[in-house]
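Participant: This is start38.txt, which holds compact mmCIF, C-alpha atoms (C1' of nucleotides):
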```txt
# COMPACT_ATOMS: atom_id res chain seq x y z
CA MET A 1 19.30 41.82 109.78
CA ASP A 2 17.11 41.55 112.87
CA TYR A 3 19.03 43.22 115.71
CA LYS A 4 18.63 45.82 118.43
CA ILE A 5 20.93 47.79 120.69
CA SER A 6 20.69 47.24 124.42
CA LYS A 7 23.01 49.53 126.41
CA TYR A 8 26.49 48.32 125.40
CA ASP A 9 25.36 45.10 123.71
CA ILE A 10 23.93 44.15 120.35
CA ILE A 11 21.14 41.59 120.45
CA LEU A 12 20.64 39.63 117.24
CA LYS A 13 18.00 37.13 116.16
CA GLN A 14 19.63 34.84 113.62
CA ALA A 15 18.65 31.53 112.01
CA ASP A 16 21.12 28.94 110.64
CA PHE A 17 23.75 29.85 113.23
CA ASP A 18 25.22 27.88 116.12
CA LEU A 19 28.32 28.88 118.06
CA ASP A 20 29.54 25.36 118.81
CA GLU A 21 29.12 24.27 115.21
CA THR A 22 30.72 27.40 113.76
CA LEU A 23 33.51 28.20 116.20
CA ASP A 24 34.54 24.68 117.19
CA CYS A 25 34.47 22.83 113.88
CA GLY A 26 38.12 23.13 112.88
CA GLN A 27 37.94 26.26 110.71
CA ALA A 28 39.16 28.71 113.40
CA PHE A 29 41.43 27.92 116.32
CA ARG A 30 41.34 30.98 118.57
CA TRP A 31 37.81 30.80 120.01
CA GLU A 32 37.29 29.52 123.52
CA LYS A 33 34.06 28.41 125.15
CA VAL A 34 34.03 30.29 128.45
CA SER A 35 30.68 29.10 129.81
CA SER A 36 27.68 26.92 129.08
CA SER A 37 24.74 26.75 131.46
CA GLY A 38 20.97 27.05 131.37
CA GLY A 39 20.91 26.82 127.59
CA VAL A 40 23.24 29.81 127.22
CA LYS A 41 26.69 29.29 125.74
CA THR A 42 29.39 31.93 125.55
CA TYR A 43 32.59 32.17 123.52
CA CYS A 44 35.50 34.60 123.59
CA GLY A 45 37.80 35.18 120.65
CA HIS A 46 39.23 37.63 118.16
CA TYR A 47 39.09 38.84 114.61
CA LEU A 48 42.20 40.83 113.58
CA ASN A 49 42.98 41.16 117.26
CA ASN A 50 39.61 42.81 117.96
CA PRO A 51 38.21 40.90 120.94
CA LEU A 52 34.62 39.68 121.17
CA LYS A 53 32.51 37.95 123.78
CA ILE A 54 29.42 36.39 122.20
CA SER A 55 26.57 34.41 123.76
CA GLN A 56 23.84 32.26 122.28
CA GLN A 57 20.48 31.08 123.56
CA GLY A 58 18.55 29.36 120.79
CA ASP A 59 18.43 31.78 117.88
CA ILE A 60 19.21 34.84 120.03
CA PHE A 61 22.80 36.10 120.11
CA ILE A 62 24.39 38.75 122.31
CA PHE A 63 27.48 40.58 121.08
CA HIS A 64 28.75 41.85 124.42
CA ASN A 65 30.14 45.34 124.77
CA THR A 66 29.98 45.99 121.02
CA THR A 67 29.13 49.20 119.16
CA GLU A 68 26.66 49.14 116.30
CA ASP A 69 29.50 50.28 114.06
CA ASP A 70 31.73 47.32 114.98
CA PHE A 71 28.81 44.93 114.76
CA LEU A 72 27.93 45.98 111.22
CA ASN A 73 31.46 46.49 109.90
CA LEU A 74 33.43 43.76 111.65
CA TRP A 75 31.29 41.02 113.13
CA ALA A 76 28.38 40.76 110.70
CA SER A 77 30.93 40.21 107.97
CA TYR A 78 33.15 37.87 110.02
CA PHE A 79 30.20 35.61 110.85
CA ASP A 80 28.98 35.85 107.23
CA LEU A 81 25.61 37.21 108.36
CA TYR A 82 24.97 38.86 104.99
CA THR A 83 24.79 35.42 103.34
CA ASP A 84 21.48 33.56 103.33
CA TYR A 85 22.37 30.08 104.61
CA GLY A 86 18.71 29.01 104.58
CA LYS A 87 18.73 29.42 100.84
CA LEU A 88 22.10 27.66 100.44
CA LYS A 89 21.01 24.75 102.62
CA ALA A 90 17.77 24.32 100.69
CA ARG A 91 19.82 24.11 97.52
CA PHE A 92 22.29 21.60 99.02
CA CYS A 93 19.44 19.40 100.29
CA ALA A 94 18.72 18.20 96.76
CA ASP A 95 21.48 15.69 97.58
CA LYS A 96 20.67 12.96 100.11
CA THR A 97 24.06 12.94 101.85
CA MET A 98 24.17 16.74 102.05
CA LYS A 99 20.69 16.73 103.55
CA GLU A 100 21.82 14.29 106.23
CA ALA A 101 25.02 16.26 106.91
CA ILE A 102 23.06 19.50 107.29
CA GLY A 103 20.71 17.67 109.68
CA TYR A 104 23.70 16.99 111.97
CA ALA A 105 24.91 20.60 112.11
CA GLY A 106 22.72 23.12 110.34
CA GLY A 107 24.25 26.00 112.29
CA ILE A 108 27.65 25.98 110.61
CA ARG A 109 28.66 29.22 108.91
CA LEU A 110 31.86 29.92 107.00
CA LEU A 111 33.86 32.53 108.91
CA ARG A 112 35.49 35.32 106.91
CA GLN A 113 38.86 35.15 108.65
CA ASP A 114 42.01 37.17 108.20
CA LYS A 115 44.10 36.00 105.24
CA TRP A 116 47.44 35.82 107.02
CA GLU A 117 46.09 34.21 110.18
CA ALA A 118 44.19 31.58 108.20
CA LEU A 119 47.25 30.75 106.12
CA CYS A 120 49.43 30.36 109.23
CA SER A 121 46.76 28.34 111.02
CA PHE A 122 46.56 25.80 108.22
CA ILE A 123 50.33 25.62 107.78
CA ILE A 124 50.35 24.62 111.44
CA SER A 125 47.47 22.19 110.90
CA GLN A 126 49.38 19.80 108.65
CA ASN A 127 49.87 16.31 110.03
CA ASN A 128 48.54 17.63 113.34
CA ASN A 129 45.43 17.36 115.50
CA ILE A 130 43.01 20.11 116.43
CA PRO A 131 43.81 20.36 120.18
CA ARG A 132 47.52 20.69 119.41
CA ILE A 133 46.91 23.21 116.61
CA LYS A 134 45.01 25.34 119.13
CA GLY A 135 47.86 25.02 121.62
CA ILE A 136 50.49 26.19 119.14
CA ILE A 137 48.38 29.17 117.99
CA SER A 138 47.60 30.07 121.58
CA ARG A 139 51.34 30.13 122.44
CA LEU A 140 51.98 32.20 119.32
CA CYS A 141 49.39 34.85 120.24
CA LYS A 142 50.42 34.90 123.89
CA HIS A 143 54.02 35.55 122.89
CA TYR A 144 53.19 38.51 120.61
CA GLY A 145 50.20 39.87 122.52
CA GLY A 146 47.93 39.03 119.57
CA PHE A 147 48.37 37.28 116.27
CA PRO A 148 51.81 38.22 114.87
CA THR A 149 52.15 40.02 111.53
CA TYR A 150 54.32 38.51 108.81
CA GLY A 151 56.83 41.24 109.67
CA ASP A 152 57.00 39.85 113.20
CA LEU A 153 57.59 36.29 112.04
CA ALA A 154 60.06 37.27 109.33
CA LYS A 155 62.42 38.33 112.13
CA GLU A 156 62.36 34.89 113.77
CA THR A 157 64.44 31.78 113.28
CA GLU A 158 63.57 28.13 113.76
CA GLU A 159 65.42 28.27 117.07
CA SER A 160 63.71 31.45 118.30
CA LEU A 161 60.32 29.86 117.56
CA GLY A 162 61.22 26.86 119.68
CA PHE A 163 58.76 27.99 122.36
CA LEU A 164 55.91 27.16 119.95
CA ARG A 165 56.80 23.44 119.97
CA SER A 166 55.42 23.38 116.42
CA GLY A 167 58.01 20.90 115.20
CA PHE A 168 59.00 20.97 111.52
CA ARG A 169 56.29 23.59 110.80
CA ALA A 170 58.28 26.51 112.26
CA LYS A 171 60.47 26.77 109.17
CA TYR A 172 57.34 26.86 106.99
CA LEU A 173 55.90 29.81 108.96
CA ILE A 174 59.18 31.67 108.57
CA ASP A 175 59.31 30.98 104.84
CA ALA A 176 55.76 32.32 104.39
CA ALA A 177 56.47 35.40 106.52
CA THR A 178 59.69 36.12 104.64
CA LYS A 179 58.04 35.89 101.20
CA PHE A 180 55.31 38.39 102.18
CA ASP A 181 57.72 40.64 104.08
CA ARG A 182 60.03 40.92 101.07
CA GLY A 183 57.08 41.48 98.75
CA GLU A 184 57.78 38.31 96.76
CA LEU A 185 54.13 37.44 97.34
CA ASP A 186 51.15 39.66 98.14
CA LEU A 187 48.09 38.35 100.00
CA GLU A 188 45.73 41.03 98.62
CA GLU A 189 46.83 40.23 95.12
CA ILE A 190 46.51 36.47 95.64
CA SER A 191 43.01 36.88 97.07
CA LYS A 192 41.90 38.65 93.89
CA SER A 193 43.61 36.29 91.44
CA GLU A 194 42.01 33.64 89.32
CA ILE A 195 41.82 30.60 91.59
CA ASN A 196 44.43 28.43 89.85
CA GLU A 197 46.85 31.38 89.81
CA ALA A 198 46.15 31.89 93.52
CA ARG A 199 46.80 28.21 94.24
CA LYS A 200 50.09 28.36 92.34
CA SER A 201 51.23 31.49 94.20
CA LEU A 202 50.43 30.05 97.63
CA MET A 203 52.21 26.80 96.83
CA GLN A 204 55.46 28.70 96.28
CA ILE A 205 55.62 28.81 100.07
CA LYS A 206 57.48 25.90 101.66
CA GLY A 207 55.02 23.75 103.58
CA VAL A 208 52.04 24.89 101.51
CA GLY A 209 50.73 22.11 99.31
CA PRO A 210 47.32 21.59 97.70
CA LYS A 211 45.45 21.12 100.97
CA VAL A 212 46.88 24.09 102.87
CA ALA A 213 46.51 26.36 99.82
CA GLU A 214 42.88 25.34 99.52
CA CYS A 215 42.26 26.09 103.21
CA ALA A 216 43.95 29.49 102.94
CA LEU A 217 41.69 30.31 99.98
CA LEU A 218 38.50 29.09 101.61
CA TYR A 219 38.94 30.26 105.19
CA GLY A 220 41.08 33.35 104.68
CA MET A 221 39.86 34.66 101.32
CA TYR A 222 36.27 33.43 101.20
CA ARG A 223 36.84 31.56 97.95
CA VAL A 224 33.79 29.33 98.45
CA GLU A 225 34.59 27.28 95.36
CA ALA A 226 37.76 25.97 97.10
CA PHE A 227 37.39 22.40 98.38
CA PRO A 228 40.09 21.26 100.84
CA MET A 229 40.66 17.50 100.64
CA ASP A 230 41.95 16.23 103.97
CA VAL A 231 41.90 12.67 105.26
CA TRP A 232 38.29 13.04 106.41
CA ILE A 233 36.92 14.49 103.18
CA LYS A 234 38.75 11.77 101.26
CA ARG A 235 36.67 9.27 103.26
CA VAL A 236 33.49 11.18 102.37
CA MET A 237 34.38 11.14 98.68
CA LYS A 238 35.17 7.43 98.75
CA ASP A 239 32.07 6.42 100.75
CA TYR A 240 29.43 8.79 99.33
CA TYR A 241 30.65 10.46 96.14
CA PRO A 242 32.83 8.02 94.17
CA GLU A 243 31.54 9.74 91.01
CA GLY A 244 32.32 13.25 92.34
CA LEU A 245 30.37 16.00 94.08
CA PRO A 246 26.69 16.55 93.22
CA ASP A 247 25.68 19.46 90.98
CA CYS A 248 23.71 21.18 93.74
CA VAL A 249 26.91 22.26 95.55
CA LYS A 250 28.59 23.67 92.43
CA GLY A 251 30.20 27.04 93.07
CA PHE A 252 29.86 26.60 96.85
CA GLU A 253 31.92 23.45 97.34
CA GLY A 254 33.77 24.97 100.27
CA ILE A 255 30.62 25.64 102.28
CA ALA A 256 29.32 22.16 101.48
CA GLN A 257 32.67 20.82 102.67
CA GLN A 258 32.07 22.33 106.11
CA TYR A 259 28.89 20.32 106.60
CA LEU A 260 30.51 17.13 105.23
CA PHE A 261 33.61 17.48 107.40
CA HIS A 262 31.51 17.82 110.55
CA TYR A 263 29.24 14.97 109.45
CA ILE A 264 31.93 12.36 108.77
CA ARG A 265 33.79 13.17 111.98
CA THR A 266 30.63 13.01 114.10
CA ALA A 267 29.50 9.79 112.43
CA ASN A 268 32.98 8.33 112.95
CA ALA A 269 32.97 9.25 116.66
CA ASN A 270 29.56 7.61 117.09
CA ASN A 271 30.74 4.44 115.34
CA SER A 272 33.78 4.29 117.60
CA LEU A 273 31.51 4.38 120.65
CA ALA A 274 29.47 1.52 119.23
CA ASP A 275 32.51 -0.68 118.57
C1' DT B 1 54.30 0.99 123.38
C1' DT B 2 52.41 2.15 119.19
C1' DC B 3 49.40 4.79 116.41
C1' DC B 4 47.61 8.89 114.61
C1' DA B 5 46.60 13.80 113.65
C1' DG B 6 42.31 19.09 108.58
C1' DG B 7 50.16 17.14 104.61
C1' DC B 8 54.25 18.19 102.54
C1' DG B 9 59.21 17.79 100.84
C1' DT B 10 62.22 14.67 98.90
C1' DA B 11 63.94 10.61 96.63
C1' DT B 12 63.07 7.15 93.39
C1' DC B 13 60.95 4.88 89.68
C1' DG C 1 53.00 11.39 87.53
C1' DA C 2 52.79 8.15 90.88
C1' DT C 3 54.30 6.08 95.11
C1' DA C 4 57.02 5.50 99.59
C1' DC C 5 59.00 7.50 103.49
C1' DG C 6 60.50 10.77 107.12
C1' DC C 7 59.10 14.47 109.81
C1' DA C 8 58.25 17.14 115.56
C1' DT C 9 55.06 16.79 118.96
C1' DG C 10 51.75 15.05 122.18
C1' DG C 11 47.27 12.74 123.17
C1' DA C 12 44.84 8.34 123.12
```
Give the structure from this file in structure tokens form.
Facilitator:
Amino acid sequence: MDYKISKYDIILKQADFDLDETLDCGQAFRWEKVSSSGGVKTYCGHYLNNPLKISQQGDIFIFHNTTEDDFLNLWASYFDLYTDYGKLKARFCADKTMKEAIGYAGGIRLLRQDKWEALCSFIISQNNNIPRIKGIISRLCKHYGGFPTYGDLAKETEESLGFLRSGFRAKYLIDAATKFDRGELDLEEISKSEINEARKSLMQIKGVGPKVAECALLYGMYRVEAFPMDVWIKRVMKDYYPEGLPDCVKGFEGIAQQYLFHYIRTANANNSLAD
DNA sequence: TTCCAGGCGTATC
DNA sequence: GATACGCATGGA
């Protein structure tokens, strides 16, 4: 990794990385763009309630007020910096559609998020839109002074979570929290299970179906072979891959999915403008 | 006003 | 196992 320490900051030179494409592409919901001017963009957010302010100018990144220890142990892992995306992208580009998708947003990286937070986030995501998902999670974190533990949520009721305005999803959050709090399910164990076993375990939670389970596995447990099928990816499959995914993404379907999700949504937005 | 959003539970066949 | 429908909320 090509980085140096400058007073209280870490300065990193990193290819295949863009903050907008990675932090605002619907995989994480707690990052906020705080400024963008003169080619420098800055985001603030958290991993496991550790705060970070990060800036980007081209392929140079500044991790503000960060120790080398935190950079190497927390953030390099969170941003998946130990994975060679150049190599992955080259492999994916054997497919024409993948090549085009990567051309739209080659700076997407799969974040290694917290298991519990990712599960909750995607329970909240169902039949919902991204701005409102962010609003609900923001109210949740504001209320608890950080992302709540499952112990915190296990104490709540549908009524006491009314402030979230999360609708029918509140009871699903409580059911998940209760199952982990009582030890009926174990996130560490699930993350190490064979993937079909893991899917089955997660789907014991009310409000967790195939899609949410797949997201929890991909975004919270870095199971890159998981492939969440939402309304957008269903369109991709219908329009581009009626015969199924190409061989070149095998084993990394989840990372390929990130590029495809961004691609179909961007293409759709552009078509809407043209209509 | 109506439609839709990174789906799922339930009822019905 | 497949298919239809309701669901809370709020932005477009």
Participant: Can you tell me how far atom CA of Ile255 of chain A sits from atom C1' of DG9 of chain B, in Å to one decimal?
Facilitator: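 Value for the atom CA of Ile255 of chain A-atom C1' of DG9 of chain B distance: 29.7 Å.
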Participant: Write out, as CSV, each residue of segment 50-145 of chain A that has an atom at most 12 Å from chain C, together with the closest pair of atoms and their distance in Å to one decimal, counting all atoms listed in the file, rows going by chain and rising number.
Facilitator:
```
residue,atom,partner,partner_atom,distance
A:Ile124,CA,C:DA8,C1',11.6
A:Gln126,CA,C:DC7,C1',11.1
A:Asn127,CA,C:DC7,C1',9.4
A:Asn128,CA,C:DT9,C1',8.6
A:Asn129,CA,C:DG11,C1',9.1
A:Ile130,CA,C:DG11,C1',10.9
A:Pro131,CA,C:DG11,C1',8.9
A:Arg132,CA,C:DG10,C1',7.6
A:Ile133,CA,C:DT9,C1',10.6
A:Gly135,CA,C:DG10,C1',10.7
A:Ile136,CA,C:DT9,C1',10.5
```
Participant: Can you check which parts of chain B lie within 8 Å of chain A? Per residue, the shortest pair of atoms and distance in Å to one decimal, counting all atoms listed in the file, sorted by chain and number, as a Markdown table.
Facilitator:
```
| residue | atom | partner | partner_atom | distance |
| --- | --- | --- | --- | --- |
| B:DA5 | C1' | A:Asn129 | CA | 4.2 |
| B:DG6 | C1' | A:Asp230 | CA | 5.4 |
| B:DG7 | C1' | A:Gln126 | CA | 4.9 |
| B:DC8 | C1' | A:Gly207 | CA | 5.7 |
| B:DG9 | C1' | A:Gly207 | CA | 7.8 |
```
Participant: Can you pull out the residues contacting Leu88 of chain A? Cut-off 12 Å, using only C-alpha atoms (C1' of nucleotides), and skip same-chain residues under 4 positions away; I want them as a ChimeraX atom specification.
Facilitator: /A:16,83-84,92-94,98-99,102,106,108-110,224,248-256,259
Participant: Those residues you just picked out, can you put them in a file as an mmCIF file, keeping the file's coordinate frame with C-alpha atoms?
Facilitator:
```
data_model
loop_
_atom_site.group_PDB
_atom_site.id
_atom_site.type_symbol
_atom_site.label_atom_id
_atom_site.label_comp_id
_atom_site.auth_asym_id
_atom_site.auth_seq_id
_atom_site.Cartn_x
_atom_site.Cartn_y
_atom_site.Cartn_z
ATOM 1 C CA ASP A 16 21.120 28.940 110.640
ATOM 2 C CA THR A 83 24.790 35.420 103.340
ATOM 3 C CA ASP A 84 21.480 33.560 103.330
ATOM 4 C CA PHE A 92 22.290 21.600 99.020
ATOM 5 C CA CYS A 93 19.440 19.400 100.290
ATOM 6 C CA ALA A 94 18.720 18.200 96.760
ATOM 7 C CA MET A 98 24.170 16.740 102.050
ATOM 8 C CA LYS A 99 20.690 16.730 103.550
ATOM 9 C CA ILE A 102 23.060 19.500 107.290
ATOM 10 C CA GLY A 106 22.720 23.120 110.340
ATOM 11 C CA ILE A 108 27.650 25.980 110.610
ATOM 12 C CA ARG A 109 28.660 29.220 108.910
ATOM 13 C CA LEU A 110 31.860 29.920 107.000
ATOM 14 C CA VAL A 224 33.790 29.330 98.450
ATOM 15 C CA CYS A 248 23.710 21.180 93.740
ATOM 16 C CA VAL A 249 26.910 22.260 95.550
ATOM 17 C CA LYS A 250 28.590 23.670 92.430
ATOM 18 C CA GLY A 251 30.200 27.040 93.070
ATOM 19 C CA PHE A 252 29.860 26.600 96.850
ATOM 20 C CA GLU A 253 31.920 23.450 97.340
ATOM 21 C CA GLY A 254 33.770 24.970 100.270
ATOM 22 C CA ILE A 255 30.620 25.640 102.280
ATOM 23 C CA ALA A 256 29.320 22.160 101.480
ATOM 24 C CA TYR A 259 28.890 20.320 106.600
#
```
Participant: Quick one: which residues from chain A are at most 8 Å off chain C, using all atoms listed in the file, as a PyMOL selection string?
Facilitator: chain A and resi 132+165-168
Participant: If I put a ball of radius 12 Å at (31.2, 41.4, 111.6) in the file's coordinates, which residues poke into it when counting all atoms listed in the file, written as a count of residues only?
Facilitator: 29
Participant: Measuring atom to atom with only C-alpha atoms, identify which of A:Ser6, A:Thr157, A:Asn65, A:Asn268 is nearest to Lys171 of chain A.
Facilitator: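 Closest residue, counting only C-alpha atoms: A:Thr157.
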Participant: Could you tell me how far atom CA of Glu188 of chain A sits from atom CA of Tyr150 of chain A, in Å to one decimal place?
Facilitator: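 Rounded to one decimal, the two atoms are 13.6 Å apart.
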Participant: Quick one, how far is atom CA of Tyr8 of chain A from atom CA of Gly45 of chain A?
Facilitator: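 Distance reported for this atom pair: 18.0 Å.
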Participant: I'd like to know which of A:Leu23, A:Val40, A:Ile11, A:Leu119 is closest to Ser191 of chain A, using all atoms listed in the file.
Facilitator: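 Under the stated criterion, the closest residue is A:Leu119.
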Participant: Give the padded box for segment 4-9 of chain B as lines of an AutoDock Vina configuration file: axis-aligned, covering all atoms listed in the file, 5 Å on each side, centre and edge lengths in Å to one decimal.
Facilitator:
```
center_x = 50.8
center_y = 14.0
center_z = 107.7
size_x = 26.9
size_y = 20.2
size_z = 23.8
```
Participant: For chain B of the structure just presented, write N, CA and C atoms (P, O5', C5', C4', C3', O3' and C1' of nucleotides) to a file, as a PDB file, in the first residue's frame.
Facilitator:
```pdb
ATOM      1  P    DT B   1     -55.717  13.769  -2.544  1.00  0.00           P
ATOM      2  O5'  DT B   1     -55.540  13.223  -4.013  1.00  0.00           O
ATOM      3  C5'  DT B   1     -56.385  13.538  -5.097  1.00  0.00           C
ATOM      4  C4'  DT B   1     -55.936  12.716  -6.273  1.00  0.00           C
ATOM      5  C3'  DT B   1     -55.690  11.240  -5.927  1.00  0.00           C
ATOM      6  O3'  DT B   1     -56.233  10.400  -6.933  1.00  0.00           O
ATOM      7  C1'  DT B   1     -53.685  12.215  -6.778  1.00  0.00           C
ATOM      8  P    DT B   2     -56.400   8.797  -6.753  1.00  0.00           P
ATOM      9  O5'  DT B   2     -55.021   8.254  -7.355  1.00  0.00           O
ATOM     10  C5'  DT B   2     -54.712   8.534  -8.713  1.00  0.00           C
ATOM     11  C4'  DT B   2     -53.274   8.150  -8.996  1.00  0.00           C
ATOM     12  C3'  DT B   2     -52.909   6.720  -8.587  1.00  0.00           C
ATOM     13  O3'  DT B   2     -52.424   6.034  -9.733  1.00  0.00           O
ATOM     14  C1'  DT B   2     -51.278   8.262  -7.802  1.00  0.00           C
ATOM     15  P    DC B   3     -51.985   4.469  -9.707  1.00  0.00           P
ATOM     16  O5'  DC B   3     -50.393   4.565  -9.655  1.00  0.00           O
ATOM     17  C5'  DC B   3     -49.702   5.412 -10.580  1.00  0.00           C
ATOM     18  C4'  DC B   3     -48.232   5.465 -10.204  1.00  0.00           C
ATOM     19  C3'  DC B   3     -47.643   4.096  -9.845  1.00  0.00           C
ATOM     20  O3'  DC B   3     -46.486   3.863 -10.626  1.00  0.00           O
ATOM     21  C1'  DC B   3     -47.140   5.714  -8.163  1.00  0.00           C
ATOM     22  P    DC B   4     -45.807   2.346 -10.668  1.00  0.00           P
ATOM     23  O5'  DC B   4     -44.519   2.524  -9.752  1.00  0.00           O
ATOM     24  C5'  DC B   4     -43.643   3.624  -9.979  1.00  0.00           C
ATOM     25  C4'  DC B   4     -42.761   3.817  -8.774  1.00  0.00           C
ATOM     26  C3'  DC B   4     -42.136   2.506  -8.257  1.00  0.00           C
ATOM     27  O3'  DC B   4     -40.732   2.659  -8.241  1.00  0.00           O
ATOM     28  C1'  DC B   4     -43.046   3.799  -6.478  1.00  0.00           C
ATOM     29  P    DA B   5     -39.794   1.335  -8.279  1.00  0.00           P
ATOM     30  O5'  DA B   5     -38.864   1.588  -7.010  1.00  0.00           O
ATOM     31  C5'  DA B   5     -38.170   2.822  -6.901  1.00  0.00           C
ATOM     32  C4'  DA B   5     -37.863   3.108  -5.449  1.00  0.00           C
ATOM     33  C3'  DA B   5     -37.086   1.981  -4.732  1.00  0.00           C
ATOM     34  O3'  DA B   5     -36.070   2.563  -3.951  1.00  0.00           O
ATOM     35  C1'  DA B   5     -39.070   2.512  -3.539  1.00  0.00           C
ATOM     36  P    DG B   6     -34.488   2.430  -4.488  1.00  0.00           P
ATOM     37  O5'  DG B   6     -33.925   0.988  -4.226  1.00  0.00           O
ATOM     38  C5'  DG B   6     -34.218   0.298  -3.031  1.00  0.00           C
ATOM     39  C4'  DG B   6     -34.143  -1.184  -3.323  1.00  0.00           C
ATOM     40  C3'  DG B   6     -34.234  -2.097  -2.102  1.00  0.00           C
ATOM     41  O3'  DG B   6     -34.804  -3.341  -2.471  1.00  0.00           O
ATOM     42  C1'  DG B   6     -32.136  -2.352  -3.084  1.00  0.00           C
ATOM     43  P    DG B   7     -36.454  -3.458  -2.797  1.00  0.00           P
ATOM     44  O5'  DG B   7     -36.913  -4.550  -1.734  1.00  0.00           O
ATOM     45  C5'  DG B   7     -36.615  -5.945  -1.943  1.00  0.00           C
ATOM     46  C4'  DG B   7     -36.955  -6.625  -0.654  1.00  0.00           C
ATOM     47  C3'  DG B   7     -37.036  -8.130  -0.730  1.00  0.00           C
ATOM     48  O3'  DG B   7     -36.631  -8.648   0.531  1.00  0.00           O
ATOM     49  C1'  DG B   7     -39.191  -7.244  -0.339  1.00  0.00           C
ATOM     50  P    DC B   8     -36.697 -10.223   0.787  1.00  0.00           P
ATOM     51  O5'  DC B   8     -38.010 -10.299   1.675  1.00  0.00           O
ATOM     52  C5'  DC B   8     -38.077  -9.534   2.872  1.00  0.00           C
ATOM     53  C4'  DC B   8     -39.405  -9.755   3.564  1.00  0.00           C
ATOM     54  C3'  DC B   8     -39.801 -11.224   3.709  1.00  0.00           C
ATOM     55  O3'  DC B   8     -40.206 -11.457   5.039  1.00  0.00           O
ATOM     56  C1'  DC B   8     -41.537  -9.994   2.671  1.00  0.00           C
ATOM     57  P    DG B   9     -40.587 -12.909   5.562  1.00  0.00           P
ATOM     58  O5'  DG B   9     -42.135 -12.744   5.870  1.00  0.00           O
ATOM     59  C5'  DG B   9     -42.566 -11.747   6.801  1.00  0.00           C
ATOM     60  C4'  DG B   9     -44.073 -11.801   6.947  1.00  0.00           C
ATOM     61  C3'  DG B   9     -44.643 -13.193   7.225  1.00  0.00           C
ATOM     62  O3'  DG B   9     -45.702 -13.062   8.166  1.00  0.00           O
ATOM     63  C1'  DG B   9     -45.504 -12.368   5.170  1.00  0.00           C
ATOM     64  P    DT B  10     -46.497 -14.340   8.667  1.00  0.00           P
ATOM     65  O5'  DT B  10     -47.758 -14.429   7.696  1.00  0.00           O
ATOM     66  C5'  DT B  10     -48.631 -13.300   7.560  1.00  0.00           C
ATOM     67  C4'  DT B  10     -49.673 -13.594   6.499  1.00  0.00           C
ATOM     68  C3'  DT B  10     -50.276 -15.004   6.587  1.00  0.00           C
ATOM     69  O3'  DT B  10     -51.662 -14.873   6.848  1.00  0.00           O
ATOM     70  C1'  DT B  10     -49.701 -14.423   4.350  1.00  0.00           C
ATOM     71  P    DA B  11     -52.625 -16.184   6.965  1.00  0.00           P
ATOM     72  O5'  DA B  11     -53.361 -16.185   5.544  1.00  0.00           O
ATOM     73  C5'  DA B  11     -53.940 -14.971   5.041  1.00  0.00           C
ATOM     74  C4'  DA B  11     -54.489 -15.210   3.643  1.00  0.00           C
ATOM     75  C3'  DA B  11     -55.296 -16.506   3.494  1.00  0.00           C
ATOM     76  O3'  DA B  11     -56.443 -16.233   2.693  1.00  0.00           O
ATOM     77  C1'  DA B  11     -53.506 -16.502   1.949  1.00  0.00           C
ATOM     78  P    DT B  12     -57.622 -17.297   2.543  1.00  0.00           P
ATOM     79  O5'  DT B  12     -57.317 -17.932   1.114  1.00  0.00           O
ATOM     80  C5'  DT B  12     -57.197 -17.090  -0.032  1.00  0.00           C
ATOM     81  C4'  DT B  12     -56.656 -17.877  -1.210  1.00  0.00           C
ATOM     82  C3'  DT B  12     -57.241 -19.288  -1.341  1.00  0.00           C
ATOM     83  O3'  DT B  12     -58.096 -19.347  -2.475  1.00  0.00           O
ATOM     84  C1'  DT B  12     -54.902 -19.219  -1.786  1.00  0.00           C
ATOM     85  P    DC B  13     -58.944 -20.680  -2.811  1.00  0.00           P
ATOM     86  O5'  DC B  13     -58.071 -21.375  -3.941  1.00  0.00           O
ATOM     87  C5'  DC B  13     -57.744 -20.664  -5.151  1.00  0.00           C
ATOM     88  C4'  DC B  13     -56.607 -21.372  -5.877  1.00  0.00           C
ATOM     89  C3'  DC B  13     -56.825 -22.860  -6.074  1.00  0.00           C
ATOM     90  O3'  DC B  13     -57.443 -23.106  -7.337  1.00  0.00           O
ATOM     91  C1'  DC B  13     -54.545 -22.325  -5.485  1.00  0.00           C
TER      92       DC B  13
END
```
